[in-house]
There are 4 protein chains.
Amino acid sequence: MRRGPDFTLSTGPTTVSPTALSGFGRPVTYHYDPGFIELFRQVERDVATLLDTSHDVVLMPGEAALGLEAAMRALGRPGAHALAVVSGPYGASMADELRELSVEVTEVRSAYTGTVRIEDVAAALEKDPDIELLTVVHCESAAGTSNDVEALGRLAREHDVVVLVDAVASMGGTPLFPDEWGLDLCVGGAQKCLGGPVPLSLMSVGPRAWQLIDANPTAPTGSFLSLLDYRTKWKQGGRFPSAPPISDVYALAAVLEEVLEDGVATSFERHARAARACRAGVTGMGLDLWADDEHVAADSVTAAAIPDSVDADELVAHIRGRYQVMLSGGGGVGNLVRIGHMGETSRGMYVVVGLASLGQGLRDLGVEVDVGGGVDAAMATLAG
Amino acid sequence: MRRGPDFTLSTGPTTVSPTALSGFGRPVTYHYDPGFIELFRQVERDVATLLDTSHDVVLMPGEAALGLEAAMRALGRPGAHALAVVSGPYGASMADELRELSVEVTEVRSAYTGTVRIEDVAAALEKDPDIELLTVVHCESAAGTSNDVEALGRLAREHDVVVLVDAVASMGGTPLFPDEWGLDLCVGGAQKCLGGPVPLSLMSVGPRAWQLIDANPTAPTGSFLSLLDYRTKWKQGGRFPSAPPISDVYALAAVLEEVLEDGVATSFERHARAARACRAGVTGMGLDLWADDEHVAADSVTAAAIPDSVDADELVAHIRGRYQVMLSGGGGVGNLVRIGHMGETSRGMYVVVGLASLGQGLRDLGVEVDVGGGVDAAMATLAG
Amino acid sequence: MRRGPDFTLSTGPTTVSPTALSGFGRPVTYHYDPGFIELFRQVERDVATLLDTSHDVVLMPGEAALGLEAAMRALGRPGAHALAVVSGPYGASMADELRELSVEVTEVRSAYTGTVRIEDVAAALEKDPDIELLTVVHCESAAGTSNDVEALGRLAREHDVVVLVDAVASMGGTPLFPDEWGLDLCVGGAQKCLGGPVPLSLMSVGPRAWQLIDANPTAPTGSFLSLLDYRTKWKQGGRFPSAPPISDVYALAAVLEEVLEDGVATSFERHARAARACRAGVTGMGLDLWADDEHVAADSVTAAAIPDSVDADELVAHIRGRYQVMLSGGGGVGNLVRIGHMGETSRGMYVVVGLASLGQGLRDLGVEVDVGGGVDAAMATLAG
Amino acid sequence: MRRGPDFTLSTGPTTVSPTALSGFGRPVTYHYDPGFIELFRQVERDVATLLDTSHDVVLMPGEAALGLEAAMRALGRPGAHALAVVSGPYGASMADELRELSVEVTEVRSAYTGTVRIEDVAAALEKDPDIELLTVVHCESAAGTSNDVEALGRLAREHDVVVLVDAVASMGGTPLFPDEWGLDLCVGGAQKCLGGPVPLSLMSVGPRAWQLIDANPTAPTGSFLSLLDYRTKWKQGGRFPSAPPISDVYALAAVLEEVLEDGVATSFERHARAARACRAGVTGMGLDLWADDEHVAADSVTAAAIPDSVDADELVAHIRGRYQVMLSGGGGVGNLVRIGHMGETSRGMYVVVGLASLGQGLRDLGVEVDVGGGVDAAMATLAG
């Protein structure tokens with residue numbers, strides 16, 4: 001088979017670590033092999049440790065899109081009221097899907113370069129005391145921005161509102177503490193900040209979330225989309241609703257073991273440092289960050305605004321073809337290029353590869369940027 | 001991480017080949033990397049070649065349970081009439097799920113040791129001309145039996161009935177030709193006869209199936225369960241409804257390439273020979289086949305009836321603990337043990353490992369069996 | 001690349017474990033990377049633990065043939081007197097090589113089906129008090145026999161004779177304790193009982209061996225063959241005489257870690273049990289062991305005498321072609337076939353694969369053997 | 001096991017490609033398995049294709065140090081006359097080793113920053129018509145310089161002198177054509193420009209070399225160091241003198257297949273471009289190249305002179321610790337740091353990682369360098 005690019009610095013799936021590859025390479029076993037079952041339960045415990053949570057951990061066998069849909073169908077009782085924080089396309093999509101489920105949705109929005117104001121959310125919650133569910137995306141990877149889920153969680157807890165967090169692009173790379181912050185159902189993936197496999201949704205489900213689900217007569221059962229099946233069949237009965245993706249579970253086990261051995265905080269710091277370096281590099285070469293400011297910028301992905309003279313997707317294709325580096329294009333949000341620094345690529349020097357190829361790619365297409373200045377600034381940040 | 005058993009001869013997920021492991025070990029790339037997209041399309045073409053079909057190939061990102069549910073939700077119009085062939089638990093489950101979708105289901109049943117009579121199916125079709133859908137499981141892996149999907153397909157075509165086949169435990173190991181046989185929607189997996197990854201449903205969808213789906217207003221869209229999304233977003237728009245499981249796609253690409261290079265017929269012959277040897281071994285050691293006779297026995301899994309004095313699941317656990325061989329237990333059908341000979345384990349000598357450990361395990365638990373006689377018969381068959 | 005046989009049950013290199021493969025798959029690092037140096041030293045310590053020795057451990061970068069030649073050139077002072085135990089071709093070859101070095105060699109021989117008598121060795125040592133070196137092969141893998149190196153070591157110690165042991169086919173699978181038994185220089189490999197990489201000689205060198213080497217003016221220095229270089233350059237100076245085989249070192253590290261975690265005794269017992277089962281199988285199918293009796297038979301390889309009507313090498317080729325099992329042929333000793341049960345293949349059921357394919361292969365070529373009886377006996381032994 | 005650095009840009013062993021890792025991960029087979037023998041012969045043919053040579057290809061089972069020693073012992077007849085080109089430590093070491101073998105050696109030297117003058121070599125050859133052997137290092141990786149082996153080979157041919165080339169750090173990355181250029185014995189490795197395994201010496205041996213070897217009564221036989229054994233035992237008799245390193249052979253097969261598929265010239269161009277970019281980067285950040293000029297600088301490794309205020313080895317350790325990039329230190333030649341761009345790391349963006357970490361590392365230690373300017377220049381070169 002032909003080889004891929006030399007460097008994959010996309011926003012996920014992204015470069016996985018040698019540790020993950022070693023997990024993928026393990027012999028496949030039957031899912032009811034006692035060794036596999038033991039390992040699967042260890043992975044569940046490891047996710048709980050990662051999140052410092054006492055909530056149930058559920059590993060649904062599909063990319064996080066499955067986990068998110070399963071969570072919304074479980075929580076989204078027709079006729080119920082919900083508040084959706086919308087600061088990017090993923091947040092908007094959550095609102096849309098809830099409406100499809102006949103939920104009454106109030107949106108609190110911001111431009112897709114920033115985040116909502118907490119006071120706007122508070123006002124909306126106060127205005128409609130029937131709101132029982134708040135949805136929010138932790139890291140809007142399409143825009144390289146983040147929402148303050150800690151503040152939102154604490155606020156929601158005050159109003160006794162259940163919080164559903166799309167933590168796909170943050171879990172493992174950014175602090176996220178469901179119990180402490182009042183986040184009742186979090187859905188993450190491993191193919192981003194954990195540098196792991198795609199087809200597993202890493203979910204923490206707290207008692208208040210289960211309560212809402214139990215109150216929803218339309219919550220799916222007997223379905224690939226059913227979160228409840230995992231409680232009744234697996235948690236209570238020891239039978240998998242469907243065979244888990246064995247090799248991917250091994251890969252997830254391997255990356256979790258490494259992250260926990262290093263310490264979760266180490267991963268958070270590494271992602272934050274890579275993000276600072278990447279932002280310094282983007283502005284250092286004379287480009288604008290897509291995000292309004294440093295505070296709203298995400299730790300796992302940096303979006304650079306691309307001058308109008310160049311089409312971001314063509315730029316990405318050019319860089320892939322000429323320099324064998326795969327970045328991510330605009331994701332429907334604007335003319336921007338995104339450099340992922342997540343999981344494996346949060347390790348320092350990957351950012352430099354992303355910046356140098358981005359800068360030179362722009363230069364190749366006629367945009368004057370200071371490639372050296374960008375790398376210089378990034379390296380100075382990494383050194384700091 | 002602790003190692004698994006020395007031999008995994010379960011009914012799937014089962015031992016994967018070195019070829020599959022090599023695919024799993026490839027560096028992960030972005031799903032919109034041009035190289036990945038090219039590979040993904042090649043995999044689709046390879047599945048079409050495997051099935052000798054001109055139907056659309058859809059690779060949905062989940063274990064075949066996802067593909068089956070997606071197919072049934074797409075085809076199962078509320079109020080429509082369907083005929084379900086039920087010769088085992090998977091067939092029964094299809095009937096149940098259709099009823100959940102408010103489809104009017106007629107069942108044609110057999111004992112779970114055999115298969116339905118074609119004339120019974122013909123009679124049922126004639127009796128209710130409104131039947132528009134027939135569901136059937138090709139290999140009932142829980143019972144080690146198979147249904148004659150060729151005859152059923154031809155019959156259904158005569159009645160202009162759309163056929164949905166659960167081909168999970170047969171695809172790649174047993175002849176299956178959708179176009180020639182009139183099988184409008186087939187759902188397979190790679191973790192069985194292809195010795196490949198779990199989280200991909202390999203689906204062929206013909207024009208008559210699409211027609212029925214288009215006529216079903218409840219066919220899901222905008223959902224992880226949506227087959228239609230794959231037509232509109234991916235086939236027509238080049239966008240994945242959700243990120244595919246990259247590493248699993250690489251593994252699937254690798255095993256398909258090998259199977260097609262060797263020739264599909266080689267795989268069919270290998271599975272058939274392993275099955276003959278396994279059956280000769282089971283009877284040669286003095287056990288009964290679970291299946292009524294050789295003709296209804298499956299090519300990918302052999303079920304042996306276990307004497308009442310021993311509990312099949314305890315026997316499986318004993319063999320796993322003492323001989324480091326993982327077989328499959330009864331699967332809810334009866335007191336039986338199943339030896340998978342599918343994909344990698346269809347290669348000759350694996351059957352001997354299964355038989356010798358099964359026989360000695362029984363002997364350990366007080367059942368008199370002729371271990372040597374079983375292996376002798378199996379080897380003589382392999383030699384033939 | 002085309003795949004190999006389904007089962008490799010040769011006498012080494014033989015099937016390696018998933019653990020070893022995982023080591024091989026690690027990213028390659030520079031040999032002076034601090035992480036690699038730390039790992040290399042850990043491997044040295046692990047070999048010392050395996051042998052329960054305080055002797056220096058030297059890992060020379062070549063198949064054990066390198067280590068053996070290096071040891072003999074280091075120890076073999078021209079004009080010195082040595083005693084060579086010769087019970088098979090490897091022992092004979094050691095004697096020859098010493099003579100090439102102008103050493104005066106006394107041989108104590110046995111037929112290649114047995115082992116020398118200790119009293120003969122004692123007599124020879126007493127007869128020539130100038131003997132300063134005794135050479136012996138622990139497991140003569142070409143004949144499936146073993147020598148009692150414990151007794152020989154203790155005897156040699158009484159006579160103040162330095163002992164050089166070829167432990168290539170025993171190290172890790174058979175008890176071998178240099179310090180306790182008085183074995184001054186042992187040379188092992190990892191591709192046999194450790195189920196690991198080929199190109200590393202695992203050597204323990206005690207003070208009495210170093211003393212003899214220091215007294216040998218022809219001991220090589222500045223050469224790929226130089227054992228002394230490893231003392232001066234690596235042990236004392238921290239510089240590798242040449243770059244070690246990085247990937248193989250990783251594989252060795254992985255298998256050693258696993259063996260030590262399981263406990264060395266576990267490995268010894270597993271090899272002994274597999275050997276008992278294999279011998280029971282060989283005689284149970286009506287063949288003769290090549291070895292004179294059970295006591296002299298090796299724990300890591302069993303040689304079966306093949307009737308004259310069949311050529312052993314043709315039989316091996318037939319079994320490889322028909323059953324995809326690779327055994328070892330006669331190795332120049334006689335018309336015999338050897339089944340390796342070493343490292344990975346010492347795990348129980350591999351022996352059954354070897355026996356069943358050997359038996360059926362003979363049957364295919366017209367020899368009447370009781371295939372079932374052989375497997376039956378082997379299984380009964382494994383069960384015991 | 002703990003992970004290595006994020007980037008290994010040493011001068012070898014260096015980062016291997018995913019292709020190589022895939023080879024390493026293959027199941028191990030017996031060296032006399034027919035599949036392995038076929039593959040081994042294919043590898044020999046592939047090396048011949050790589051070198052466009054009709055000479056015999058010999059793969060000796062050890063790091064190139066083995067192949068070089070084997071070649072010198074085979075060619076170095078005591079009392080014979082040889083000319084050694086000495087432009088770096090590897091060349092000097094060849095001269096020393098020949099003297100150890102009692103060969104009369106004439107040295108033609110240059111400073112270790114440059115290369116010898118062809119006319120000096122011509123003069124030396126004319127002065128001593130008894131010279132029968134010329135030794136030269138193609139790439140002096142310790143100094144980042146190269147010798148013009150084409151000119152030297154043609155010159156030697158005119159004088160009927162056999163040429164032995166140390167091509168360890170050039171083979172596969174730099175044009176090297178034994179037949180056309182008159183290079184009678186070339187010794188390469190795979191762990192440099194092929195991005196492959198360590199323990200294999202890739203040797204081409206032409207008829208004139210064999211002639212000289214046959215005339216040397218001290219050429220080793222029956223030894224791990226014997227080149228002749230490979231002719232008599234392997235080439236003529238089909239028996240390996242010792243078991244080859246199976247996994248490393250698989251890795252070599254995989255990288256050769258890839259290089260030949262891409263075309264050898266593609267590899268040469270990639271190495272040359274990476275070298276130009278690296279040199280532009282080194283000078284662009286204000287450092288001096290160690291090599292006298294561009295023409296003598298090697299294609300596979302660039303040496304940067306490090307200001308006296310900083311110790312090169314401490315700098316390397318700092319960069320490894322802070323930025324997780326492993327470069328190579330001075331190699332005994334001077335206060336220099338070497339960036340390998342060989343095999344996998346000849347792919348464009350690796351050079352940027354090396355330069356940025358080198359520059360920032362210097363800056364951290366108080367040396368004013370223009371990190372950005374260096375990367376800028378390198379990127380401009382890669383873009384060209």
# chains A, B, ... in the order shown; residues from 1 in each chain; ligands from 1

$ select_by_dssp --residues "region 29-273 of chain A" --states "strand (DSSP E or B)" --output "NGL selection string"
:A and (56-60 or 81-86 or 104-109 or 131-137 or 139-140 or 145-146 or 162-166 or 171 or 174 or 185-189 or 201-205)

$ interface_residues --of "chain A" --to "chain B" --cutoff "8 Å" --atoms "only C-alpha atoms" --output "ChimeraX atom specification"
/A:2-5,8,10,12-16,21-22,24-31,33,35-36,61-63,65-66,69,197-199,223-225,242-247,326

$ select_by_dssp --residues "region 108-292 of chain B" --states "alpha helix (DSSP H)" --output "NGL selection string"
:B and (118-127 or 149-158 or 178-181 or 207-214 or 227-229 or 246-262 or 264-284)

$ residues_around --residues "Cys193 (chain B)" --least-positions-apart "6" --cutoff "8 Å" --atoms "only C-alpha atoms" --output "CSV table (one decimal) with N, CA and C atoms, in the first residue's frame"
chain,number,residue,atom,x,y,z
B,169,ALA,N,-21.5,-13.7,9.0
B,169,ALA,CA,-20.6,-14.8,9.2
B,169,ALA,C,-20.3,-15.6,8.0
B,170,SER,N,-20.6,-15.1,6.8
B,170,SER,CA,-20.4,-15.8,5.6
B,170,SER,C,-19.5,-15.0,4.6
B,171,MET,N,-19.7,-13.7,4.6
B,171,MET,CA,-19.1,-12.9,3.5
B,171,MET,C,-17.5,-13.1,3.5
B,172,GLY,N,-17.1,-13.5,2.3
B,172,GLY,CA,-15.7,-13.7,2.1
B,172,GLY,C,-15.3,-15.2,2.3
B,173,GLY,N,-16.1,-16.0,2.9
B,173,GLY,CA,-15.8,-17.4,3.2
B,173,GLY,C,-16.7,-18.3,2.5
B,300,SER,N,-18.2,-21.8,8.0
B,300,SER,CA,-17.3,-20.9,8.8
B,300,SER,C,-17.4,-21.2,10.3
B,342,MET,N,-12.8,-19.6,10.3
B,342,MET,CA,-13.2,-18.5,9.5
B,342,MET,C,-12.0,-17.5,9.4
B,343,GLY,N,-11.8,-17.0,8.2
B,343,GLY,CA,-10.6,-16.2,8.0
B,343,GLY,C,-9.4,-16.9,8.3
B,344,GLU,N,-8.6,-16.4,9.1
B,344,GLU,CA,-7.3,-17.0,9.4
B,344,GLU,C,-7.4,-18.4,9.9

$ residues_around --residues "Val105 (chain B)" --least-positions-apart "5" --cutoff "7 Å" --atoms "only C-alpha atoms" --output "VMD selection string"
chain B and resid 81 to 84 95 99

$ atom_distance --atom1 "CA of Leu101 (chain C)" --atom2 "CA of Asn216 (chain C)"
11.4 Å

$ residues_around --residues "Val310 (chain C)" --least-positions-apart "2" --cutoff "9 Å" --atoms "only C-alpha atoms" --output "MDAnalysis selection string"
chainID C and resid 306:308 312:315 335 362 365:367

$ write_last_selection --atoms "N, CA, C and O atoms" --output "mmCIF file, in the first residue's frame"
data_model
loop_
_atom_site.group_PDB
_atom_site.id
_atom_site.type_symbol
_atom_site.label_atom_id
_atom_site.label_comp_id
_atom_site.auth_asym_id
_atom_site.auth_seq_id
_atom_site.Cartn_x
_atom_site.Cartn_y
_atom_site.Cartn_z
ATOM 1 N N ILE C 306 12.821 -41.202 11.460
ATOM 2 C CA ILE C 306 11.911 -41.411 10.332
ATOM 3 C C ILE C 306 12.281 -42.715 9.636
ATOM 4 O O ILE C 306 13.468 -42.966 9.378
ATOM 5 N N PRO C 307 11.282 -43.559 9.362
ATOM 6 C CA PRO C 307 11.577 -44.832 8.694
ATOM 7 C C PRO C 307 12.339 -44.602 7.389
ATOM 8 O O PRO C 307 12.142 -43.583 6.711
ATOM 9 N N ASP C 308 13.179 -45.557 7.052
ATOM 10 C CA ASP C 308 14.055 -45.398 5.891
ATOM 11 C C ASP C 308 13.304 -45.208 4.581
ATOM 12 O O ASP C 308 13.846 -44.647 3.623
ATOM 13 N N ALA C 312 13.642 -37.713 5.203
ATOM 14 C CA ALA C 312 13.162 -36.722 6.174
ATOM 15 C C ALA C 312 13.000 -35.336 5.557
ATOM 16 O O ALA C 312 12.027 -34.631 5.832
ATOM 17 N N ASP C 313 13.945 -34.945 4.727
ATOM 18 C CA ASP C 313 13.855 -33.602 4.155
ATOM 19 C C ASP C 313 12.689 -33.491 3.177
ATOM 20 O O ASP C 313 12.025 -32.454 3.094
ATOM 21 N N GLU C 314 12.446 -34.560 2.445
ATOM 22 C CA GLU C 314 11.288 -34.540 1.551
ATOM 23 C C GLU C 314 9.984 -34.507 2.354
ATOM 24 O O GLU C 314 9.019 -33.852 1.973
ATOM 25 N N LEU C 315 9.992 -35.206 3.452
ATOM 26 C CA LEU C 315 8.822 -35.194 4.333
ATOM 27 C C LEU C 315 8.551 -33.787 4.859
ATOM 28 O O LEU C 315 7.408 -33.305 4.848
ATOM 29 N N ASN C 335 18.296 -39.580 9.582
ATOM 30 C CA ASN C 335 16.995 -39.439 8.927
ATOM 31 C C ASN C 335 15.943 -39.160 9.996
ATOM 32 O O ASN C 335 15.244 -40.056 10.453
ATOM 33 N N LEU C 362 3.542 -38.349 7.153
ATOM 34 C CA LEU C 362 4.081 -39.704 6.977
ATOM 35 C C LEU C 362 3.044 -40.609 6.313
ATOM 36 O O LEU C 362 3.356 -41.371 5.398
ATOM 37 N N LEU C 365 2.795 -40.237 2.770
ATOM 38 C CA LEU C 365 3.923 -40.816 2.025
ATOM 39 C C LEU C 365 4.020 -42.319 2.226
ATOM 40 O O LEU C 365 5.051 -42.934 1.942
ATOM 41 N N GLY C 366 2.952 -42.907 2.762
ATOM 42 C CA GLY C 366 2.882 -44.355 2.775
ATOM 43 C C GLY C 366 3.363 -45.038 4.047
ATOM 44 O O GLY C 366 3.450 -46.263 4.106
ATOM 45 N N VAL C 367 3.666 -44.272 5.081
ATOM 46 C CA VAL C 367 4.095 -44.886 6.336
ATOM 47 C C VAL C 367 2.872 -45.029 7.239
ATOM 48 O O VAL C 367 2.135 -44.060 7.449
#

$ residues_around --residues "Arg231 (chain C)" --least-positions-apart "6" --cutoff "12 Å" --atoms "only C-alpha atoms" --output "ChimeraX atom specification"
/C:56-60,205,210,213-214,221-222,237-241

$ write_last_selection --atoms "N, CA and C atoms" --output "tab-separated table (two decimals), in the first residue's frame"
chain	number	residue	atom	x	y	z
C	56	ASP	N	29.60	-11.08	34.31
C	56	ASP	CA	29.32	-10.02	33.34
C	56	ASP	C	28.40	-10.56	32.25
C	57	VAL	N	27.46	-9.75	31.85
C	57	VAL	CA	26.64	-10.12	30.69
C	57	VAL	C	27.10	-9.28	29.51
C	58	VAL	N	27.37	-9.95	28.42
C	58	VAL	CA	27.79	-9.27	27.20
C	58	VAL	C	26.81	-9.65	26.09
C	59	LEU	N	26.32	-8.64	25.40
C	59	LEU	CA	25.40	-8.88	24.28
C	59	LEU	C	26.14	-8.57	22.99
C	60	MET	N	26.66	-9.59	22.36
C	60	MET	CA	27.36	-9.32	21.10
C	60	MET	C	26.35	-9.30	19.94
C	205	VAL	N	29.93	-13.98	31.24
C	205	VAL	CA	31.39	-14.20	31.30
C	205	VAL	C	31.84	-14.00	32.73
C	210	TRP	N	37.37	-14.53	32.18
C	210	TRP	CA	38.14	-13.32	31.88
C	210	TRP	C	39.63	-13.56	32.11
C	213	ILE	N	41.06	-15.44	29.33
C	213	ILE	CA	41.11	-14.58	28.14
C	213	ILE	C	42.29	-13.62	28.24
C	214	ASP	N	42.45	-13.05	29.43
C	214	ASP	CA	43.55	-12.10	29.60
C	214	ASP	C	44.91	-12.77	29.41
C	221	THR	N	41.18	-8.29	19.56
C	221	THR	CA	40.77	-6.94	19.96
C	221	THR	C	40.59	-6.13	18.68
C	222	GLY	N	39.81	-5.07	18.79
C	222	GLY	CA	39.59	-4.23	17.62
C	222	GLY	C	38.94	-4.99	16.48
C	237	GLY	N	34.04	2.04	28.86
C	237	GLY	CA	34.05	3.35	28.20
C	237	GLY	C	32.70	3.86	27.72
C	238	GLY	N	31.69	3.02	27.81
C	238	GLY	CA	30.38	3.51	27.39
C	238	GLY	C	30.21	3.71	25.90
C	239	ARG	N	31.13	3.17	25.11
C	239	ARG	CA	31.00	3.27	23.64
C	239	ARG	C	30.78	1.88	23.06
C	240	PHE	N	29.81	1.77	22.18
C	240	PHE	CA	29.57	0.48	21.54
C	240	PHE	C	30.67	0.19	20.52
C	241	PRO	N	31.23	-1.01	20.52
C	241	PRO	CA	32.18	-1.36	19.46
C	241	PRO	C	31.57	-1.24	18.08

$ residues_around --residues "Ala143 (chain B)" --least-positions-apart "5" --cutoff "7 Å" --atoms "only C-alpha atoms" --output "CSV table (one decimal) with N, CA, C and O atoms, in the first residue's frame"
chain,number,residue,atom,x,y,z
B,88,GLY,N,-32.8,-19.5,13.3
B,88,GLY,CA,-31.8,-19.3,14.4
B,88,GLY,C,-32.1,-18.0,15.1
B,88,GLY,O,-33.0,-17.2,14.6
B,112,TYR,N,-33.8,-24.8,15.2
B,112,TYR,CA,-32.5,-24.1,15.1
B,112,TYR,C,-31.4,-25.0,14.9
B,112,TYR,O,-30.2,-24.7,15.2
B,113,THR,N,-31.7,-26.2,14.3
B,113,THR,CA,-30.7,-27.1,13.9
B,113,THR,C,-30.7,-27.3,12.4
B,113,THR,O,-29.9,-28.0,11.8
B,303,ALA,N,-20.8,-26.3,15.1
B,303,ALA,CA,-21.3,-26.4,16.5
B,303,ALA,C,-21.4,-27.9,16.8
B,303,ALA,O,-21.9,-28.7,16.1
B,333,VAL,N,-28.4,-20.9,22.1
B,333,VAL,CA,-29.2,-21.8,21.3
B,333,VAL,C,-29.3,-23.2,22.0
B,333,VAL,O,-30.4,-23.9,21.8

$ decode --residues "region 300-312 of chain C" --atoms "N, CA, C and O atoms" --output "short mmCIF file (atom, residue, chain, number, x, y, z; two decimals), in the first residue's frame"
data_model
loop_
_atom_site.label_atom_id
_atom_site.label_comp_id
_atom_site.auth_asym_id
_atom_site.auth_seq_id
_atom_site.Cartn_x
_atom_site.Cartn_y
_atom_site.Cartn_z
N SER C 300 13.67 -28.56 24.52
CA SER C 300 13.28 -27.53 23.56
C SER C 300 13.05 -28.07 22.15
O SER C 300 12.49 -27.36 21.32
N VAL C 301 13.48 -29.27 21.91
CA VAL C 301 13.28 -29.85 20.58
C VAL C 301 13.22 -31.37 20.69
O VAL C 301 13.97 -31.97 21.47
N THR C 302 12.30 -31.95 19.95
CA THR C 302 12.17 -33.40 19.93
C THR C 302 12.46 -33.90 18.52
O THR C 302 11.89 -33.39 17.55
N ALA C 303 13.37 -34.87 18.45
CA ALA C 303 13.71 -35.46 17.16
C ALA C 303 13.05 -36.83 17.06
O ALA C 303 13.18 -37.65 17.97
N ALA C 304 12.34 -37.03 15.96
CA ALA C 304 11.70 -38.33 15.71
C ALA C 304 12.46 -39.03 14.59
O ALA C 304 12.74 -38.42 13.56
N ALA C 305 12.79 -40.29 14.83
CA ALA C 305 13.44 -41.08 13.78
C ALA C 305 12.42 -41.38 12.69
O ALA C 305 11.28 -41.76 12.99
N ILE C 306 12.82 -41.20 11.46
CA ILE C 306 11.91 -41.41 10.33
C ILE C 306 12.28 -42.71 9.64
O ILE C 306 13.47 -42.97 9.38
N PRO C 307 11.28 -43.56 9.36
CA PRO C 307 11.58 -44.83 8.69
C PRO C 307 12.34 -44.60 7.39
O PRO C 307 12.14 -43.58 6.71
N ASP C 308 13.18 -45.56 7.05
CA ASP C 308 14.05 -45.40 5.89
C ASP C 308 13.30 -45.21 4.58
O ASP C 308 13.85 -44.65 3.62
N SER C 309 12.07 -45.67 4.55
CA SER C 309 11.33 -45.57 3.29
C SER C 309 11.02 -44.14 2.89
O SER C 309 10.64 -43.86 1.76
N VAL C 310 11.18 -43.23 3.82
CA VAL C 310 10.87 -41.83 3.55
C VAL C 310 12.10 -40.98 3.85
O VAL C 310 12.77 -41.20 4.85
N ASP C 311 12.36 -40.01 3.00
CA ASP C 311 13.46 -39.08 3.24
C ASP C 311 12.96 -37.93 4.10
O ASP C 311 11.97 -37.26 3.75
N ALA C 312 13.64 -37.71 5.20
CA ALA C 312 13.16 -36.72 6.17
C ALA C 312 13.00 -35.34 5.56
O ALA C 312 12.03 -34.63 5.83
#
